[in-house]
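Worksheet for the structure shown next.
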Amino acid sequence: MDAFLQSLHSLVVEHRLLVCAMLAVITLLEALMLVGVLIPIMAVMLTAGALIATGSLHPVEVIVWCSVGAALGDAISYLMGRHMGAWAVRHPVLAKHRRTVARARLYTRRYGVLALAVARYLGPLRPFVPMAAGMTRMRDWTFHAANTVTAPVWVITVLAPGYLAARHLGYWKPDPVWLTAVVVGGLLLVATVMILRRKPAASKV
């Protein structure tokens, strides 16, 4: 068992750039409409924060990769919104999400750039706000400037709880190998629960 845990810890350390790239892909997907609501992003980022605390991942690498992923995902959603325009609410793919799209458009019109920053923390509404910004024809430079600034701020704030929790555990000096195994196992558990919870909902459609 100890050998397996040591191998797991070593795997994360030796392939940390690959792990960072995977985190970038996850944060990108989380920003896309429809796909984003399926991503347990908080569990992922809490785990990443804990892995930073154990020394398995480098904080600057994680922040940079995740910020790029989040900003790129928002930019894609924004461009999709500009391309589809106001008629997007009538698109068959968005038929079941018309109310959410309408809320995102209203939210974006009312709060402008502030909506882009706050929306990153709004759960199910979050992936639709960048698209709504494109639909409402927010200026390109305004959107991209706000997107570039808010992405790393969001990354740091969602990494912090996992990091601080793991650091707090560090006062008791746990084996970093075991701690890495715990946080990775926690991520797998949360992901499994999320998948099982969505299966019944999908079967009702």
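By convention in this document, the chains of the structure tokens carry letters A, B, ... by their order, each chain's residues are numbered from 1, and ligands are numbered from 1 in the order they are shown.
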Give me the residues of range 107-166 of chain A that have any atom at most 10 Å from an atom of range 11-31 of chain A; for each, the nearest atom pair and the distance in Å, rounded to one decimal. Use only C-alpha atoms, sort by chain and number, and format it as a Markdown table.
```
| residue | atom | partner | partner_atom | distance |
| --- | --- | --- | --- | --- |
| A:Arg120 | CA | A:Ala31 | CA | 8.5 |
| A:Gly123 | CA | A:Glu30 | CA | 9.9 |
| A:Arg126 | CA | A:Ala31 | CA | 7.3 |
| A:Pro127 | CA | A:Ala31 | CA | 4.8 |
| A:Phe128 | CA | A:Ala31 | CA | 8.2 |
| A:Val129 | CA | A:Ala31 | CA | 9.3 |
| A:Pro130 | CA | A:Ala31 | CA | 8.2 |
| A:Met131 | CA | A:Ala31 | CA | 9.6 |
| A:Val155 | CA | A:Thr27 | CA | 9.2 |
```
*Tell me which of A:Leu32, A:Ala133, A:Met84, A:Leu159 sits closest to Arg105 in chain A, counting only C-alpha atoms.*
A:Ala133
*Write out as a list in words which residues come within 6 Å of range 38-51 of chain A when counting only C-alpha atoms, dropping same-chain ones fewer than 3 positions away.*
Glu30, Val35, Thr54, Ser56, Leu57, Leu159, Gly162, Tyr163, Ala166, Val183 and Leu187 of chain A
